[in-house]
$ cat run_11.txt   # compact mmCIF, C-alpha atoms
# COMPACT_ATOMS: atom_id res chain seq x y z
CA MET A 12 0.00 0.00 0.00
CA ALA A 13 2.86 2.34 0.84
CA THR A 14 4.51 1.54 -2.44
CA SER A 15 1.40 2.22 -4.52
CA SER A 16 0.65 5.47 -2.71
CA HIS A 17 4.28 6.52 -3.18
CA THR A 18 4.08 5.84 -6.92
CA LEU A 19 0.71 7.57 -7.19
CA SER A 20 1.90 10.65 -5.34
CA SER A 21 4.96 10.92 -7.59
CA ARG A 22 2.79 10.71 -10.70
CA LEU A 23 0.26 13.26 -9.39
CA LEU A 24 2.88 15.74 -8.20
CA THR A 25 5.07 15.73 -11.27
CA GLY A 26 2.67 14.68 -14.02
CA TRP A 27 4.30 13.53 -17.14
CA VAL A 28 7.60 14.62 -15.73
CA GLY A 29 7.39 11.73 -13.30
CA GLY A 30 7.07 9.33 -16.16
CA CYS A 31 10.12 10.88 -17.76
CA VAL A 32 12.02 10.44 -14.53
CA TRP A 33 11.00 6.81 -14.33
CA TYR A 34 12.03 6.26 -17.96
CA LEU A 35 15.38 7.99 -17.44
CA GLU A 36 16.16 6.01 -14.32
CA ARG A 37 15.53 2.81 -16.25
CA ARG A 38 17.88 3.80 -19.06
CA ALA A 39 20.56 5.29 -16.77
CA GLY A 40 22.41 2.01 -16.39
CA GLN A 41 22.16 1.11 -20.06
CA GLU A 42 23.33 4.24 -21.83
CA SER A 43 26.91 5.48 -21.92
CA PRO A 44 27.85 8.86 -20.33
CA GLN A 45 28.14 10.47 -23.76
CA LYS A 46 24.59 9.44 -24.76
CA PHE A 47 23.27 10.22 -21.29
CA MET A 48 23.94 13.93 -21.74
CA ARG A 49 21.18 14.19 -24.35
CA LEU A 50 18.35 11.84 -23.47
CA PHE A 51 15.23 12.74 -25.41
CA ARG A 52 13.44 15.53 -27.20
CA THR A 53 10.34 17.40 -26.27
CA VAL A 54 7.67 18.61 -28.62
CA ASN A 55 9.38 21.99 -28.96
CA LYS A 56 12.59 20.34 -30.23
CA GLN A 57 14.57 21.33 -27.12
CA TRP A 58 17.09 18.94 -25.62
CA ILE A 59 16.83 18.06 -21.95
CA THR A 60 20.30 17.89 -20.47
CA PHE A 61 21.71 16.11 -17.47
CA GLN A 62 21.30 19.28 -15.37
CA HIS A 63 17.54 19.30 -16.06
CA PHE A 64 17.34 15.71 -14.94
CA ASN A 65 19.00 16.52 -11.62
CA PHE A 66 16.70 19.47 -11.12
CA LEU A 67 13.58 17.34 -11.69
CA LYS A 68 14.88 14.69 -9.37
CA ARG A 69 15.46 17.25 -6.59
CA MET A 70 11.94 18.59 -7.07
CA TYR A 71 10.51 15.13 -6.68
CA VAL A 72 12.41 14.45 -3.49
CA THR A 73 11.40 17.82 -2.06
CA GLN A 74 7.71 17.27 -2.75
CA LEU A 75 7.84 13.78 -1.32
CA HIS A 76 9.43 14.83 1.98
CA ARG A 77 7.61 18.13 2.32
CA SER A 78 5.76 16.92 5.39
CA LEU A 79 9.02 16.34 7.30
CA SER A 80 10.39 19.19 9.38
CA GLN A 81 13.61 19.55 11.31
CA GLN A 82 13.36 19.49 15.04
CA VAL A 83 16.03 21.06 17.22
CA LYS A 84 17.16 18.75 19.93
CA PRO A 85 17.23 20.37 23.37
CA LYS A 86 20.72 21.14 24.62
CA PRO A 87 21.68 18.75 27.42
CA GLU A 88 22.07 20.31 30.80
CA PRO A 89 25.69 20.70 31.94
CA THR A 90 26.82 18.31 34.59
CA ALA A 91 28.61 19.34 37.73
CA SER A 92 32.26 20.08 36.99
CA SER A 93 35.21 21.58 38.74
CA VAL A 94 37.94 23.76 37.33
CA LEU A 95 41.38 23.63 38.82
CA GLU A 96 43.32 26.81 38.25
CA LYS A 97 47.07 26.67 38.26
CA THR A 98 48.81 29.07 40.58
CA SER A 99 52.43 30.24 40.60
CA SER A 100 55.26 27.94 41.63
CA GLY A 101 55.79 29.86 44.83
CA GLN A 102 52.27 29.23 46.05
CA ALA A 103 51.39 25.85 47.55
CA LYS A 104 47.62 26.27 47.48
CA ALA A 105 45.23 25.55 44.60
CA GLU A 106 41.75 26.97 44.47
CA ILE A 107 38.91 24.84 43.08
CA TYR A 108 35.80 26.47 41.78
CA GLU A 109 32.72 24.26 41.44
CA MET A 110 29.94 24.99 39.02
CA ARG A 111 26.53 23.69 39.95
CA SER A 112 24.19 22.58 37.23
CA LEU A 113 20.44 22.54 37.09
CA SER A 114 19.08 19.03 36.76
CA PRO A 115 15.93 18.53 34.65
CA PRO A 116 13.77 17.32 37.60
CA SER A 117 14.42 20.59 39.45
CA LEU A 118 12.66 22.51 36.72
CA SER A 119 9.12 21.68 37.76
CA SER A 120 6.00 23.07 36.19
CA SER A 121 5.42 25.37 39.15
CA ARG A 122 8.77 27.14 38.54
CA LYS A 123 8.51 27.61 34.79
CA PRO A 124 8.41 31.41 35.00
CA ASN A 125 12.00 31.37 36.35
CA GLU A 126 13.39 29.79 33.17
CA LYS A 127 13.57 33.14 31.43
CA GLU A 128 15.52 34.59 34.31
CA LEU A 129 17.99 31.72 34.16
CA ILE A 130 18.45 32.18 30.43
CA GLU A 131 19.01 35.91 30.88
CA LEU A 132 21.60 35.27 33.59
CA ASP A 133 23.45 32.75 31.40
CA SER A 134 23.46 35.12 28.43
CA ALA A 135 24.65 37.99 30.61
CA SER A 136 27.56 35.91 31.96
CA ILE A 137 28.52 34.84 28.44
CA ILE A 138 28.49 38.46 27.25
CA GLU A 139 30.60 39.57 30.19
CA GLY A 140 33.11 36.79 29.54
CA SER A 141 33.38 37.70 25.87
CA VAL A 142 33.89 41.37 26.76
CA GLU A 143 36.68 40.45 29.18
CA VAL A 144 38.38 38.28 26.54
CA GLY A 145 38.05 41.10 24.04
CA LYS A 146 39.69 43.52 26.46
CA GLU A 147 42.55 41.09 27.08
CA THR A 148 43.21 40.67 23.36
CA GLN A 149 43.13 44.44 22.86
CA ASP A 150 45.61 44.91 25.71
CA GLU A 151 47.89 42.31 24.16
CA LYS A 152 47.83 44.05 20.79
CA GLN A 153 48.64 47.44 22.26
CA TRP A 154 52.26 48.56 22.67
CA LYS A 155 53.47 48.37 26.23
CA GLU A 156 56.18 50.65 27.53
CA MET A 157 59.03 48.71 29.11
CA LYS A 158 60.45 50.44 32.16
CA LEU A 159 64.21 50.33 32.53
CA HIS A 160 65.34 49.69 36.08
CA LEU A 161 68.77 50.79 37.20
CA ASP A 162 69.47 47.36 38.63
CA ASP A 163 69.11 45.79 35.19
CA LEU A 164 71.20 48.39 33.38
CA PRO A 165 74.67 46.85 33.94
CA GLY A 166 73.54 43.48 32.58
CA ILE A 167 71.85 45.10 29.58
CA LEU A 168 74.95 47.15 28.74
CA ALA A 169 77.11 44.04 29.14
CA ARG A 170 74.98 42.17 26.57
CA LEU A 171 74.88 45.21 24.30
CA SER A 172 78.67 45.49 24.27
CA LYS A 173 79.18 41.69 24.00
CA ILE A 174 81.24 41.60 27.15
CA LYS A 175 82.76 38.15 26.44
CA LEU A 176 83.97 39.20 23.01
CA THR A 177 85.28 42.46 24.47
CA ALA A 178 87.17 40.50 27.12
CA LEU A 179 88.80 38.39 24.37
CA VAL A 180 89.81 41.54 22.49
CA VAL A 181 91.33 43.09 25.61
CA SER A 182 93.22 39.88 26.44
CA THR A 183 94.79 39.66 22.98
CA THR A 184 95.74 43.35 23.23
CA SER A 185 97.44 42.73 26.55
CA ALA A 186 99.30 39.76 25.02
CA GLY A 187 100.56 41.97 22.21
CA PHE A 188 101.73 44.60 24.71
CA ALA A 189 103.48 42.00 26.85
CA LEU A 190 105.22 40.32 23.90
CA ALA A 191 106.56 43.61 22.52
CA PRO A 192 110.24 44.33 23.20
CA GLY A 193 111.14 47.04 25.66
CA PRO A 194 110.42 47.79 29.30
CA PHE A 195 106.94 47.19 30.67
CA ASP A 196 105.09 50.49 31.30
CA LEU A 197 102.16 49.86 33.64
CA PRO A 198 100.27 53.20 33.12
CA CYS A 199 100.54 52.83 29.36
CA PHE A 200 99.40 49.23 29.64
CA LEU A 201 96.29 50.20 31.64
CA LEU A 202 95.41 53.05 29.28
CA THR A 203 95.76 50.67 26.32
CA LEU A 204 93.37 48.16 27.90
CA VAL A 205 90.80 50.84 28.79
CA GLY A 206 90.89 52.45 25.35
CA THR A 207 90.72 49.12 23.52
CA GLY A 208 87.84 47.92 25.71
CA LEU A 209 85.84 51.10 25.11
CA ALA A 210 86.45 50.88 21.36
CA SER A 211 85.31 47.25 21.33
CA CYS A 212 82.15 48.11 23.30
CA ALA A 213 81.34 50.87 20.82
CA ALA A 214 81.83 48.65 17.78
CA ASN A 215 79.70 45.85 19.21
CA SER A 216 76.89 48.23 20.18
CA ILE A 217 76.72 49.77 16.71
CA ASN A 218 76.77 46.27 15.22
CA GLN A 219 73.71 45.28 17.25
CA PHE A 220 71.99 48.56 16.32
CA PHE A 221 72.28 47.75 12.62
CA GLU A 222 71.26 44.09 12.93
CA VAL A 223 68.08 44.39 15.04
CA PRO A 224 65.63 43.25 12.29
CA PHE A 225 67.83 40.27 11.41
CA ASP A 226 68.74 39.24 14.95
CA SER A 227 65.03 38.85 15.74
CA ASN A 228 64.88 35.91 13.31
CA MET A 229 67.73 33.98 14.93
CA ASN A 230 67.49 31.87 18.07
CA ARG A 231 71.06 32.80 18.97
CA THR A 232 70.43 36.57 18.99
CA LYS A 233 66.70 37.01 19.58
CA ASN A 234 67.22 37.83 23.27
CA ARG A 235 69.55 40.75 22.71
CA PRO A 236 68.51 44.00 24.47
CA LEU A 237 67.58 45.90 21.32
CA VAL A 238 65.60 43.00 19.90
CA ARG A 239 63.58 42.59 23.10
CA GLY A 240 63.04 46.33 23.39
CA GLN A 241 64.76 46.65 26.76
CA ILE A 242 66.50 49.79 25.54
CA SER A 243 65.78 52.18 22.71
CA PRO A 244 67.96 52.48 19.59
CA LEU A 245 68.79 56.06 20.61
CA PHE A 246 70.10 54.79 23.93
CA ALA A 247 72.26 52.20 22.15
CA VAL A 248 73.74 54.78 19.77
CA SER A 249 74.35 57.18 22.65
CA PHE A 250 76.14 54.45 24.60
CA ALA A 251 78.27 53.57 21.55
CA THR A 252 79.21 57.23 21.09
CA CYS A 253 80.10 57.60 24.76
CA CYS A 254 82.41 54.60 24.40
CA ALA A 255 83.95 55.35 21.01
CA VAL A 256 84.92 58.99 21.56
CA PRO A 257 86.74 58.59 24.89
CA GLY A 258 88.14 55.21 23.83
CA VAL A 259 89.84 56.58 20.72
CA ALA A 260 90.89 59.70 22.63
CA VAL A 261 92.58 57.62 25.35
CA LEU A 262 94.42 55.56 22.74
CA ALA A 263 95.47 58.59 20.67
CA TRP A 264 96.51 61.00 23.42
CA GLY A 265 97.11 58.68 26.34
CA VAL A 266 99.12 56.05 24.44
CA ASN A 267 100.24 57.18 20.96
CA PRO A 268 98.57 58.39 17.74
CA LEU A 269 99.31 55.17 15.87
CA THR A 270 97.41 53.05 18.39
CA GLY A 271 94.53 55.55 18.35
CA ALA A 272 94.39 55.42 14.55
CA LEU A 273 94.30 51.61 14.63
CA GLY A 274 91.46 51.72 17.16
CA ALA A 275 89.41 54.17 15.07
CA PHE A 276 90.08 52.15 11.91
CA ASN A 277 88.98 48.94 13.62
CA ILE A 278 85.67 50.50 14.71
CA PHE A 279 85.06 51.66 11.14
CA LEU A 280 86.04 48.28 9.67
CA TYR A 281 83.74 46.35 12.02
CA THR A 282 80.67 48.58 11.78
CA CYS A 283 80.81 49.91 8.22
CA CYS A 284 82.46 47.02 6.34
CA TYR A 285 82.03 43.74 8.19
CA THR A 286 78.46 44.31 9.40
CA PRO A 287 76.87 45.09 5.98
CA LEU A 288 79.01 42.46 4.23
CA LYS A 289 77.42 39.73 6.36
CA ARG A 290 74.30 39.98 4.18
CA ILE A 291 76.09 40.47 0.86
CA SER A 292 79.13 38.22 0.47
CA ILE A 293 81.09 35.48 2.21
CA ALA A 294 84.04 37.88 2.15
CA ASN A 295 82.74 39.12 5.48
CA THR A 296 84.59 36.25 7.19
CA TRP A 297 87.96 37.48 5.93
CA VAL A 298 87.13 41.09 6.84
CA GLY A 299 86.06 39.96 10.30
CA ALA A 300 89.34 38.07 10.68
CA VAL A 301 91.23 41.31 9.96
CA VAL A 302 89.16 43.03 12.65
CA GLY A 303 90.19 40.37 15.15
CA ALA A 304 93.85 40.56 14.11
CA ILE A 305 94.23 44.30 14.84
CA PRO A 306 93.92 44.30 18.71
CA PRO A 307 97.23 42.43 19.35
CA MET A 308 98.88 44.76 16.87
CA MET A 309 97.48 47.69 18.88
CA GLY A 310 99.09 46.25 22.00
CA TRP A 311 102.40 45.96 20.18
CA THR A 312 102.24 49.53 18.85
CA ALA A 313 101.25 50.82 22.30
CA ALA A 314 104.48 49.39 23.71
CA THR A 315 106.84 50.16 20.83
CA GLY A 316 105.21 53.00 18.93
CA SER A 317 105.77 51.27 15.58
CA LEU A 318 104.50 48.48 13.37
CA ASN A 319 107.16 45.90 12.58
CA ALA A 320 107.42 42.20 11.82
CA GLY A 321 106.53 41.12 15.34
CA ALA A 322 103.25 43.03 15.24
CA PHE A 323 102.28 41.44 11.94
CA LEU A 324 103.22 38.01 13.27
CA LEU A 325 100.83 38.40 16.19
CA GLY A 326 98.17 39.71 13.84
CA GLY A 327 98.72 36.71 11.55
CA ILE A 328 98.29 34.25 14.41
CA LEU A 329 95.01 35.86 15.45
CA TYR A 330 93.94 36.05 11.80
CA SER A 331 94.47 32.33 11.18
CA TRP A 332 93.04 31.24 14.52
CA GLN A 333 89.68 32.88 13.78
CA PHE A 334 88.90 30.68 10.78
CA PRO A 335 88.73 27.32 12.57
CA HIS A 336 87.07 29.08 15.50
CA PHE A 337 84.32 30.86 13.57
CA ASN A 338 83.82 28.32 10.79
CA ALA A 339 83.27 25.57 13.33
CA LEU A 340 80.87 27.80 15.25
CA SER A 341 78.87 28.82 12.17
CA TRP A 342 78.62 25.18 11.02
CA GLY A 343 76.34 24.36 13.92
CA LEU A 344 74.33 27.55 13.33
CA ARG A 345 73.72 27.17 9.62
CA GLU A 346 69.93 27.08 9.95
CA ASP A 347 70.02 30.09 12.23
CA TYR A 348 72.19 32.13 9.86
CA ALA A 349 70.04 31.16 6.90
CA ARG A 350 66.91 32.21 8.80
CA GLY A 351 68.50 35.55 9.60
CA GLY A 352 69.52 36.11 5.98
CA TYR A 353 73.29 36.18 6.56
CA CYS A 354 75.67 35.10 3.81
CA MET A 355 78.08 32.74 5.54
CA MET A 356 80.45 30.17 4.13
CA SER A 357 78.80 27.42 6.13
CA VAL A 358 75.46 28.25 4.47
CA THR A 359 76.38 29.02 0.87
CA HIS A 360 79.78 27.28 0.47
CA PRO A 361 80.02 24.43 2.99
CA ALA A 362 82.94 22.70 1.28
CA LEU A 363 84.94 25.95 1.19
CA CYS A 364 84.11 26.49 4.85
CA ARG A 365 85.77 23.21 5.83
CA ARG A 366 88.78 23.72 3.52
CA VAL A 367 89.50 27.20 4.87
CA ALA A 368 89.31 25.98 8.46
CA LEU A 369 91.81 23.19 7.74
CA ARG A 370 94.21 25.52 5.88
CA HIS A 371 94.46 27.97 8.74
CA CYS A 372 94.85 25.21 11.30
CA LEU A 373 97.97 24.16 9.39
CA ALA A 374 99.00 27.82 9.02
CA LEU A 375 99.25 28.08 12.80
CA VAL A 376 102.10 25.58 12.70
CA GLY A 377 104.01 27.71 10.20
CA LEU A 378 103.36 30.96 12.07
CA SER A 379 104.60 29.43 15.30
CA THR A 380 107.78 28.37 13.51
CA ALA A 381 108.25 31.92 12.19
CA ALA A 382 108.16 33.46 15.68
CA PRO A 383 111.85 32.73 16.52
CA LEU A 384 112.89 33.73 13.02
CA LEU A 385 111.44 37.20 13.65
CA ASP A 386 113.10 37.41 17.08
CA VAL A 387 109.80 37.42 18.95
CA THR A 388 110.39 34.14 20.85
CA THR A 389 113.12 31.61 21.31
CA TRP A 390 113.30 28.32 19.42
CA THR A 391 111.67 26.58 22.32
CA PHE A 392 108.29 28.01 21.40
CA PRO A 393 107.74 26.18 18.07
CA VAL A 394 108.76 22.92 19.75
CA ILE A 395 106.44 23.12 22.78
CA SER A 396 103.57 24.60 20.74
CA LEU A 397 103.75 21.85 18.12
CA PRO A 398 101.52 19.35 20.02
CA ILE A 399 98.60 21.76 20.44
CA ASN A 400 98.98 22.99 16.86
CA LEU A 401 98.98 19.44 15.55
CA TYR A 402 95.96 18.59 17.67
CA ILE A 403 93.88 21.50 16.34
CA SER A 404 95.06 20.55 12.83
CA TYR A 405 93.86 17.00 13.45
CA LEU A 406 90.45 18.27 14.55
CA GLY A 407 90.38 20.53 11.50
CA PHE A 408 91.05 17.52 9.29
CA ARG A 409 88.24 15.56 10.95
CA PHE A 410 85.92 18.52 10.45
CA TYR A 411 86.96 18.62 6.79
CA THR A 412 86.32 14.91 6.20
CA GLN A 413 83.28 14.22 8.41
CA ALA A 414 81.48 17.58 8.12
CA ASP A 415 79.08 16.94 10.98
CA ARG A 416 78.05 18.78 14.12
CA LYS A 417 80.13 16.62 16.41
CA SER A 418 83.40 17.35 14.62
CA SER A 419 82.59 21.05 14.35
CA ARG A 420 81.82 21.30 18.06
CA ARG A 421 85.08 19.57 18.99
CA LEU A 422 87.04 21.97 16.78
CA PHE A 423 85.21 24.98 18.24
CA PHE A 424 85.81 24.01 21.87
CA CYS A 425 89.44 23.23 21.10
CA SER A 426 89.89 26.73 19.68
CA LEU A 427 88.62 28.22 22.95
CA TRP A 428 91.58 26.91 24.94
CA HIS A 429 94.09 26.77 22.09
CA LEU A 430 94.52 30.54 21.69
CA PRO A 431 95.13 31.48 25.34
CA LEU A 432 97.48 28.51 25.75
CA LEU A 433 99.40 29.45 22.60
CA LEU A 434 99.79 33.08 23.75
CA LEU A 435 100.86 31.92 27.19
CA LEU A 436 103.55 29.72 25.64
CA MET A 437 104.74 32.69 23.59
CA LEU A 438 105.05 34.77 26.75
CA THR A 439 107.07 32.08 28.49
CA CYS A 440 109.38 31.78 25.47
CA LYS A 441 109.73 35.52 24.84
CA ARG A 442 113.20 36.56 23.73
CA PRO A 443 115.09 38.42 26.46
CA GLN A 444 115.26 42.22 26.21
CA GLY A 445 119.05 42.41 26.11
CA GLY A 446 119.24 40.14 23.09
CA LYS A 447 118.86 40.68 19.43
CA GLY A 448 115.14 41.17 19.61
CA ASP A 449 114.99 44.81 20.83
CA GLN A 450 113.00 46.13 17.94
CA GLY A 451 111.43 49.53 17.97
CA GLU A 452 111.68 52.09 20.72
CA PRO A 453 109.69 52.12 23.92
CA ARG A 454 107.03 54.75 24.36
CA GLN A 455 108.42 58.09 25.55
$ encode --input "run_11.txt" --output "structure tokens"
Amino acid sequence: MATSSHTLSSRLLTGWVGGCVWYLERRAGQESPQKFMRLFRTVNKQWITFQHFNFLKRMYVTQLHRSLSQQVKPKPEPTASSVLEKTSSGQAKAEIYEMRSLSPPSLSSSRKPNEKELIELDSASIIEGSVEVGKETQDEKQWKEMKLHLDDLPGILARLSKIKLTALVVSTTSAGFALAPGPFDLPCFLLTLVGTGLASCAANSINQFFEVPFDSNMNRTKNRPLVRGQISPLFAVSFATCCAVPGVAVLAWGVNPLTGALGAFNIFLYTCCYTPLKRISIANTWVGAVVGAIPPMMGWTAATGSLNAGAFLLGGILYSWQFPHFNALSWGLREDYARGGYCMMSVTHPALCRRVALRHCLALVGLSTAAPLLDVTTWTFPVISLPINLYISYLGFRFYTQADRKSSRRLFFCSLWHLPLLLLLMLTCKRPQGGKGDQGEPRQ
């Protein structure tokens, strides 16, 4: 009976169209897709396409199920729940807020008028919560002024001036002063260290000022003071100026003009040549090595007042040492440098990076041998420095062949103790002052 009424209703609702639908459904499985696109003609010579067939079929289904209506299911009542809010690590207590729910039996027929009040209260609480969330998001989007406390200022300035790198620069300068021939002048030595340290702080601060947008993309430098907004760029430039001007002045007038000129040239080379080259060419590594080679030469000129073979020997040792040191460091930071947009050998020319590191490891052996030839040390120095030079050369060879993070890290950590130990051995094997090595004149 249901089937006959269904067929009758389809015929009555659609008329002759229902018969067409029945006919088309019968031939749907027999005809190919190409013939199914044009099925039959009407009296007016118009083709009925596949789209017309779908439209008629949808009309039929709609008319058949017209009596059905969608019913919204009532939302289930929330069950009793508790929310545990996390407090700070210093607090030992935890507060638990319980939310009571209304069970369906509690809503009796005698209390039906209170349902509207409950709905209004729920809607009001939801609106208030959304307003509070909206205020929080607006507060997060707004710029917040960071207050600079005087207690934090020394640490911020230490990070701005790269205090560890500055300490390395000052130590190599003191080694150059101590290795220079002539009597040791303590006031000149202290003025040289102060002027060199101030110049290094100025150069590092200007370097961070220029690289703020790129340092923010690197994990290694994203916590620098300028990147985090702990200080303003104007403050950083003012600090660099207050370091550069007195630093160069101390070196020029307190020590000698040659040392002051080298200090000013090194600031210019680091900030105006090395810093922009880091994003342009891999030549920045060689320029940066020159920057690192100048401080021991400044120590030598501060003691002697001249540039001679001994000064260039010390500069050459620092120049060659920086390649295994920095290339090994940058090898483990390739992804970071690439993210920051810096053009480093480890990123663009990895094979060259390993070759250059190995070459300069071997060059340290030759430079140590040249020290007694230039009357800087005795012949004991190349002998006792040979084991550490061969060891760093061995690590450089492993870095060249294996090219992995483990070998690069071993070479980097070896370079950290190799340089101070090599300079210490040079000091112990320094040629006596009364010998042939009195080159240059002491500062007047």
$ residues_around --input "run_11.txt" --residues "A:Val376" --least-positions-apart "2" --cutoff "10 Å" --atoms "only C-alpha atoms" --output "PyMOL selection string"
chain A and resi 328+371-374+378-381+393+396-401+403-404
$ write_last_selection --input "run_11.txt" --atoms "C-alpha atoms" --output "tab-separated table (two decimals), in the frame of the given file"
chain	number	residue	atom	x	y	z
A	328	ILE	CA	98.29	34.25	14.41
A	371	HIS	CA	94.46	27.97	8.74
A	372	CYS	CA	94.85	25.21	11.30
A	373	LEU	CA	97.97	24.16	9.39
A	374	ALA	CA	99.00	27.82	9.02
A	378	LEU	CA	103.36	30.96	12.07
A	379	SER	CA	104.60	29.43	15.30
A	380	THR	CA	107.78	28.37	13.51
A	381	ALA	CA	108.25	31.92	12.19
A	393	PRO	CA	107.74	26.18	18.07
A	396	SER	CA	103.57	24.60	20.74
A	397	LEU	CA	103.75	21.85	18.12
A	398	PRO	CA	101.52	19.35	20.02
A	399	ILE	CA	98.60	21.76	20.44
A	400	ASN	CA	98.98	22.99	16.86
A	401	LEU	CA	98.98	19.44	15.55
A	403	ILE	CA	93.88	21.50	16.34
A	404	SER	CA	95.06	20.55	12.83
$ residues_around --input "run_11.txt" --residues "A:Leu427" --least-positions-apart "5" --cutoff "12 Å" --atoms "only C-alpha atoms" --output "list in words"
Leu176, Leu179, Trp332, Gln333, Pro335, His336, Phe337, Ala339, Leu340, Ile403, Arg420, Arg421, Leu422, Leu432 and Leu433 of chain A
$ atom_distance --input "run_11.txt" --atom1 "atom CA of A:Trp390" --atom2 "atom CA of A:Asp196"
26.5 Å
$ residues_near_point --input "run_11.txt" --point "(81.2, 28.6, 11.6)" --cutoff "9 Å" --atoms "only C-alpha atoms" --output "VMD selection string"
chain A and resid 334 to 345 355 to 357 364 419 423
$ atom_distance --input "run_11.txt" --atom1 "atom CA of A:Ser418" --atom2 "atom CA of A:Ala349"
20.7 Å
$ closest_residue --input "run_11.txt" --among "A:Val358, A:Leu190, A:Asn215, A:Leu168" --to "A:Met437" --atoms "all atoms listed in the file"
A:Leu190
$ atom_distance --input "run_11.txt" --atom1 "atom CA of A:Arg170" --atom2 "atom CA of A:Cys253"
16.4 Å
